[in-house]
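> Next comes model32.tsv, TSV, C-alpha atoms:
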```tsv
chain	number	residue	atom	x	y	z
A	10	MET	CA	65.45	-10.49	-4.78
A	11	GLU	CA	62.83	-8.56	-2.86
A	12	ILE	CA	63.42	-5.38	-0.86
A	13	ASN	CA	60.89	-4.02	1.63
A	14	TRP	CA	61.11	-0.71	3.46
A	15	TYR	CA	59.99	-0.41	7.08
A	16	GLY	CA	60.55	3.34	7.28
A	17	HIS	CA	63.52	5.52	8.21
A	18	SER	CA	66.65	3.56	7.13
A	19	CYS	CA	65.28	0.08	7.80
A	20	PHE	CA	64.97	-2.40	4.93
A	21	ARG	CA	64.54	-6.16	4.66
A	22	ILE	CA	66.40	-7.82	1.80
A	23	THR	CA	65.39	-11.36	0.89
A	24	GLU	CA	66.38	-13.92	-1.72
A	25	ARG	CA	65.48	-17.59	-1.92
A	26	ASN	CA	68.00	-19.94	-0.27
A	27	MET	CA	70.08	-17.01	0.98
A	28	ALA	CA	70.32	-15.12	4.27
A	29	THR	CA	67.81	-12.35	4.94
A	30	VAL	CA	69.26	-8.97	5.93
A	31	VAL	CA	67.55	-6.26	7.99
A	32	THR	CA	69.28	-2.88	7.96
A	33	ASP	CA	69.22	-0.20	10.67
A	34	PRO	CA	66.28	-1.39	12.81
A	35	TYR	CA	64.84	1.52	14.77
A	36	ASP	CA	63.37	2.11	18.21
A	37	HIS	CA	59.79	3.02	17.25
A	38	LYS	CA	59.34	5.14	20.38
A	39	GLU	CA	62.18	7.39	19.26
A	40	VAL	CA	61.27	7.82	15.58
A	41	GLY	CA	57.48	7.76	15.80
A	42	TYR	CA	56.71	4.76	13.60
A	43	SER	CA	54.63	1.81	14.71
A	44	GLU	CA	56.50	-1.02	16.40
A	45	LEU	CA	58.97	-2.70	14.07
A	46	LYS	CA	57.95	-6.23	13.09
A	47	ALA	CA	60.69	-7.73	10.96
A	48	LYS	CA	62.41	-11.09	10.78
A	49	GLY	CA	65.91	-11.70	9.47
A	50	ASP	CA	69.11	-13.67	9.79
A	51	ILE	CA	71.50	-10.72	9.71
A	52	VAL	CA	71.14	-7.24	11.22
A	53	THR	CA	73.39	-4.40	10.07
A	54	ILE	CA	73.89	-1.22	12.10
A	55	SER	CA	75.21	1.89	10.37
A	56	HIS	CA	75.82	3.78	13.62
A	57	ASP	CA	74.91	3.84	17.28
A	58	ALA	CA	71.67	5.85	17.44
A	59	PRO	CA	68.12	4.91	18.49
A	60	GLY	CA	66.82	5.28	14.95
A	61	HIS	CA	69.35	2.78	13.61
A	62	ASN	CA	70.60	0.33	16.23
A	63	ASN	CA	67.63	-1.55	17.74
A	64	ALA	CA	68.88	-5.02	16.78
A	65	LYS	CA	66.74	-6.73	19.42
A	66	ALA	CA	63.61	-5.71	17.48
A	67	VAL	CA	64.50	-8.13	14.66
A	68	LYS	CA	63.22	-11.63	15.30
A	69	GLY	CA	65.36	-14.65	14.43
A	70	SER	CA	68.60	-12.76	13.82
A	71	GLU	CA	71.83	-14.63	14.50
A	72	TRP	CA	74.37	-12.02	13.42
A	73	THR	CA	74.67	-8.29	14.10
A	74	LEU	CA	77.26	-6.43	12.02
A	75	ASP	CA	78.43	-2.95	13.01
A	76	HIS	CA	82.14	-2.90	12.13
A	77	ALA	CA	84.13	-2.56	8.94
A	78	GLY	CA	85.16	-5.79	7.27
A	79	GLU	CA	84.21	-8.47	4.79
A	80	TYR	CA	81.77	-11.22	5.72
A	81	GLU	CA	80.18	-14.26	4.12
A	82	ILE	CA	76.97	-15.38	5.83
A	83	GLY	CA	74.25	-17.54	4.36
A	84	ASN	CA	75.64	-17.26	0.81
A	85	VAL	CA	75.62	-13.47	1.02
A	86	PHE	CA	78.91	-11.58	0.70
A	87	ILE	CA	78.90	-8.40	2.76
A	88	THR	CA	81.37	-5.53	2.64
A	89	ALA	CA	81.22	-2.95	5.43
A	90	VAL	CA	83.06	0.34	4.88
A	91	ALA	CA	83.54	2.92	7.65
A	92	ILE	CA	83.18	6.52	6.52
A	93	GLY	CA	83.57	9.36	9.01
A	94	SER	CA	80.95	12.08	9.16
A	95	ASN	CA	81.61	15.16	11.30
A	96	GLY	CA	83.74	13.12	13.64
A	97	SER	CA	81.28	10.23	13.89
A	98	ARG	CA	81.54	6.86	12.22
A	99	ASN	CA	79.01	5.70	9.65
A	100	MET	CA	79.02	2.21	8.20
A	101	VAL	CA	78.16	1.69	4.55
A	102	PHE	CA	77.14	-1.90	3.76
A	103	VAL	CA	77.25	-3.59	0.36
A	104	PHE	CA	75.36	-6.87	0.04
A	105	ASP	CA	76.35	-9.18	-2.81
A	106	TYR	CA	73.56	-11.62	-3.64
A	107	GLU	CA	75.16	-13.75	-6.36
A	108	GLY	CA	76.37	-10.72	-8.26
A	109	LEU	CA	73.36	-8.49	-7.58
A	110	ASN	CA	74.76	-5.76	-5.32
A	111	VAL	CA	72.73	-3.64	-2.91
A	112	CYS	CA	74.42	-0.71	-1.14
A	113	HIS	CA	72.96	0.81	2.05
A	114	LEU	CA	74.54	4.19	2.78
A	115	GLY	CA	73.39	4.36	6.40
A	116	ASP	CA	73.36	7.88	7.81
A	117	LEU	CA	75.92	9.18	5.34
A	118	GLU	CA	76.04	12.95	5.75
A	119	ASN	CA	78.60	14.17	3.23
A	120	VAL	CA	79.53	13.23	-0.31
A	121	PRO	CA	82.21	10.49	-0.18
A	122	SER	CA	85.50	10.81	-2.02
A	123	ARG	CA	86.04	8.80	-5.18
A	124	LYS	CA	88.49	6.62	-3.25
A	125	GLU	CA	85.80	5.83	-0.69
A	126	ILE	CA	83.23	5.12	-3.39
A	127	GLU	CA	85.62	2.71	-5.11
A	128	GLN	CA	85.42	0.52	-1.99
A	129	PHE	CA	81.72	-0.05	-2.68
A	130	GLY	CA	82.41	-1.74	-6.01
A	131	THR	CA	79.61	-1.99	-8.57
A	132	VAL	CA	76.27	-0.92	-7.09
A	133	ASP	CA	73.06	-2.15	-8.70
A	134	VAL	CA	70.59	-0.93	-6.07
A	135	LEU	CA	71.41	2.10	-3.91
A	136	LEU	CA	69.53	2.77	-0.67
A	137	VAL	CA	70.22	6.45	-0.07
A	138	PRO	CA	69.22	8.99	2.64
A	139	VAL	CA	67.57	12.07	1.11
A	140	GLY	CA	65.86	13.99	3.94
A	141	GLY	CA	68.74	15.83	5.57
A	142	GLY	CA	69.07	15.85	9.34
A	143	ASN	CA	72.18	13.77	10.05
A	144	GLY	CA	71.99	12.25	6.57
A	145	LEU	CA	72.32	13.50	3.02
A	146	ASN	CA	69.96	16.25	1.91
A	147	ALA	CA	68.31	16.18	-1.51
A	148	ALA	CA	71.12	17.95	-3.38
A	149	LYS	CA	73.91	15.87	-1.83
A	150	ALA	CA	71.94	12.68	-2.43
A	151	ALA	CA	71.63	13.52	-6.11
A	152	GLU	CA	75.37	14.18	-6.28
A	153	VAL	CA	76.20	10.87	-4.62
A	154	ILE	CA	73.90	9.06	-7.06
A	155	SER	CA	75.69	10.66	-10.02
A	156	LEU	CA	79.04	9.45	-8.64
A	157	ILE	CA	77.97	5.89	-7.84
A	158	GLU	CA	75.79	5.44	-10.97
A	159	PRO	CA	73.50	2.68	-9.67
A	160	SER	CA	70.80	1.07	-11.79
A	161	ILE	CA	68.08	1.59	-9.18
A	162	VAL	CA	67.81	4.18	-6.39
A	163	VAL	CA	65.55	3.73	-3.38
A	164	PRO	CA	65.27	6.87	-1.19
A	165	MET	CA	65.16	6.51	2.61
A	166	HIS	CA	65.56	8.59	5.78
A	167	TYR	CA	62.98	11.27	4.98
A	168	ALA	CA	59.88	12.53	6.76
A	169	ILE	CA	56.62	10.65	6.36
A	170	GLY	CA	53.39	10.86	8.32
A	171	ASP	CA	53.74	11.79	11.98
A	172	THR	CA	57.38	10.85	12.44
A	173	LYS	CA	59.24	12.55	15.28
A	174	THR	CA	62.48	12.98	13.36
A	175	LYS	CA	63.26	16.42	11.96
A	176	LEU	CA	63.70	15.56	8.31
A	177	ASN	CA	62.56	16.95	4.98
A	178	GLY	CA	59.98	15.12	2.92
A	179	ILE	CA	60.75	13.34	-0.32
A	180	ASN	CA	59.61	16.05	-2.77
A	181	PRO	CA	62.86	18.11	-2.74
A	182	PHE	CA	64.75	14.95	-3.71
A	183	LEU	CA	62.33	14.09	-6.50
A	184	LYS	CA	62.75	17.64	-7.84
A	185	GLN	CA	66.53	17.24	-7.77
A	186	MET	CA	66.14	14.07	-9.83
A	187	GLY	CA	63.82	15.82	-12.29
A	188	MET	CA	60.90	13.59	-11.38
A	189	ASN	CA	57.16	14.02	-10.98
A	190	GLU	CA	56.36	14.51	-7.30
A	191	LYS	CA	53.27	12.33	-7.72
A	192	ILE	CA	55.30	9.22	-8.47
A	193	GLU	CA	53.41	6.08	-7.48
A	194	ALA	CA	55.04	4.23	-4.58
A	195	GLN	CA	55.49	0.47	-4.70
A	196	GLU	CA	54.89	-2.01	-1.88
A	197	SER	CA	58.25	-3.67	-2.54
A	198	LEU	CA	61.08	-3.78	-5.04
A	199	LYS	CA	61.51	-7.08	-6.85
A	200	VAL	CA	64.63	-7.18	-8.96
A	201	THR	CA	66.90	-9.60	-10.81
A	202	ARG	CA	70.07	-8.99	-12.76
A	203	SER	CA	68.19	-9.32	-16.03
A	204	SER	CA	65.56	-6.77	-14.95
A	205	LEU	CA	68.01	-3.96	-14.11
A	206	PRO	CA	67.29	-0.81	-16.16
A	207	GLU	CA	69.95	0.69	-18.44
A	208	ASP	CA	69.43	4.18	-17.02
A	209	THR	CA	69.22	5.04	-13.33
A	210	GLN	CA	65.67	4.59	-12.07
A	211	VAL	CA	64.21	5.91	-8.79
A	212	VAL	CA	61.82	3.60	-6.98
A	213	VAL	CA	59.81	4.95	-4.04
A	214	LEU	CA	58.56	2.34	-1.57
A	215	THR	CA	55.64	2.42	0.84
A	216	VAL	CA	56.25	1.41	4.45
A	217	SER	CA	55.74	-2.29	5.14
A	218	LYS	CA	53.72	-3.24	8.20
```
The structure given in the file should be rewritten as C-alpha cells.

Amino acid sequence: MEINWYGHSCFRITERNMATVVTDPYDHKEVGYSELKAKGDIVTISHDAPGHNNAKAVKGSEWTLDHAGEYEIGNVFITAVAIGSNGSRNMVFVFDYEGLNVCHLGDLENVPSRKEIEQFGTVDVLLVPVGGGNGLNAAKAAEVISLIEPSIVVPMHYAIGDTKTKLNGINPFLKQMGMNEKIEAQESLKVTRSSLPEDTQVVVLTVSK
C-alpha cells in the first residue's frame, strides 16, 4: 500500500488490483494550495466544506461517499462512522485493504468516546488532524492517538507554506508526541502488514504535486 498526501486532509491511498481512494479533496482557491491533481476510483467526504468536499477535482472517480454505512468497492471494505462535532456531522472513514486498515478522522474536533472508537475496529494507519481550527489541536490529537493505538500516525490538517486556513503548524504536535521537530518528511508512506512497527510511529509526509 502507498499513501500520498496532497495537503490539508486530502490523501490518495493505492494498492495493486484494488480501488484507489482519495479523501477530502479541497477547493484550492479556498485553502491556498496549488490546484489539486489527483486520480482515484472512490472519493470520501468527511463534511460539507470547501476544504473537504471538492469531489469534482478528482479525475476518474466513480463513487463519492459522504454518509455513514458499510461499503465494498473494488475489493476495499469501507466503514463510515458519523461523529457529531459542535452540532455538525463529521464522517470518519476506515479503509480495509485485505486486513491493513487505514482510518481517516476527517475534521474531527473533539476526542471520541470509547464506544465511538470501538466502531473503527483495529487501526493500523491513522490519518489525524493536528492543527486545530475546526479539527483536533495538538493535545487532543495526542490523546486520540493514545486511545486508538495505531501502528503508524500520519498528521494532517495543519498549516504549511502560504495556506489561507487559520491552523497551527506541525511543531506543537511533534512536541506533544515527544519528537524532534526536525523530523525528515517522506514523499509517501509505503506499508505492508509485515512492515508495521510494534510501537506507534509518526510519519510526516511532504505534499504531493
> Extract, using only C-alpha atoms, all DNA, RNA and protein residues at most 10 Å from Lys184 of chain A, discarding same-chain residues fewer than 5 positions from it, and format them as a list of chain:residue names.
A:Ala147, A:Ala148, A:Ala151, A:Ile179, A:Asn189, A:Glu190
> Could you tell me how far atom CA of Asp208 of chain A lies from atom CA of Val153 of chain A, in Å and to one decimal?
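Value for the atom CA of Asp208 of chain A-atom CA of Val153 of chain A distance: 15.6 Å.
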> Give the answer as one residue: which of A:Ser18, A:Thr131, A:Thr73, A:Thr174 has the shortest atom-to-atom distance to Val30 of chain A, using only C-alpha atoms?
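Checking each candidate against Val30 of chain A, we get A:Thr73 as the closest.
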> Do you have the atom CA of Ala47 of chain A-atom CA of Val211 of chain A distance handy?
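Interatomic distance, atom CA of Ala47 of chain A to atom CA of Val211 of chain A: 24.3 Å.
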> With only C-alpha atoms as the basis for distance, which of A:Arg202, A:His76, A:Lys124, A:Lys68 is at the shortest distance from His56 of chain A?
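The answer is A:His76, which sits nearest to His56 of chain A.
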> For atom CA of Ile126 of chain A and atom CA of Leu74 of chain A, determine how far apart the two atoms are, in Å to one decimal place.
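Interatomic distance here is 20.2 Å.
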> If I put a ball of radius 10 Å at (63.1, 13.1, 8.3) in the file's coordinates, which residues poke into it when counting only C-alpha atoms, written as a ChimeraX atom specification?
/A:17,40,138-144,146,165-170,172-179
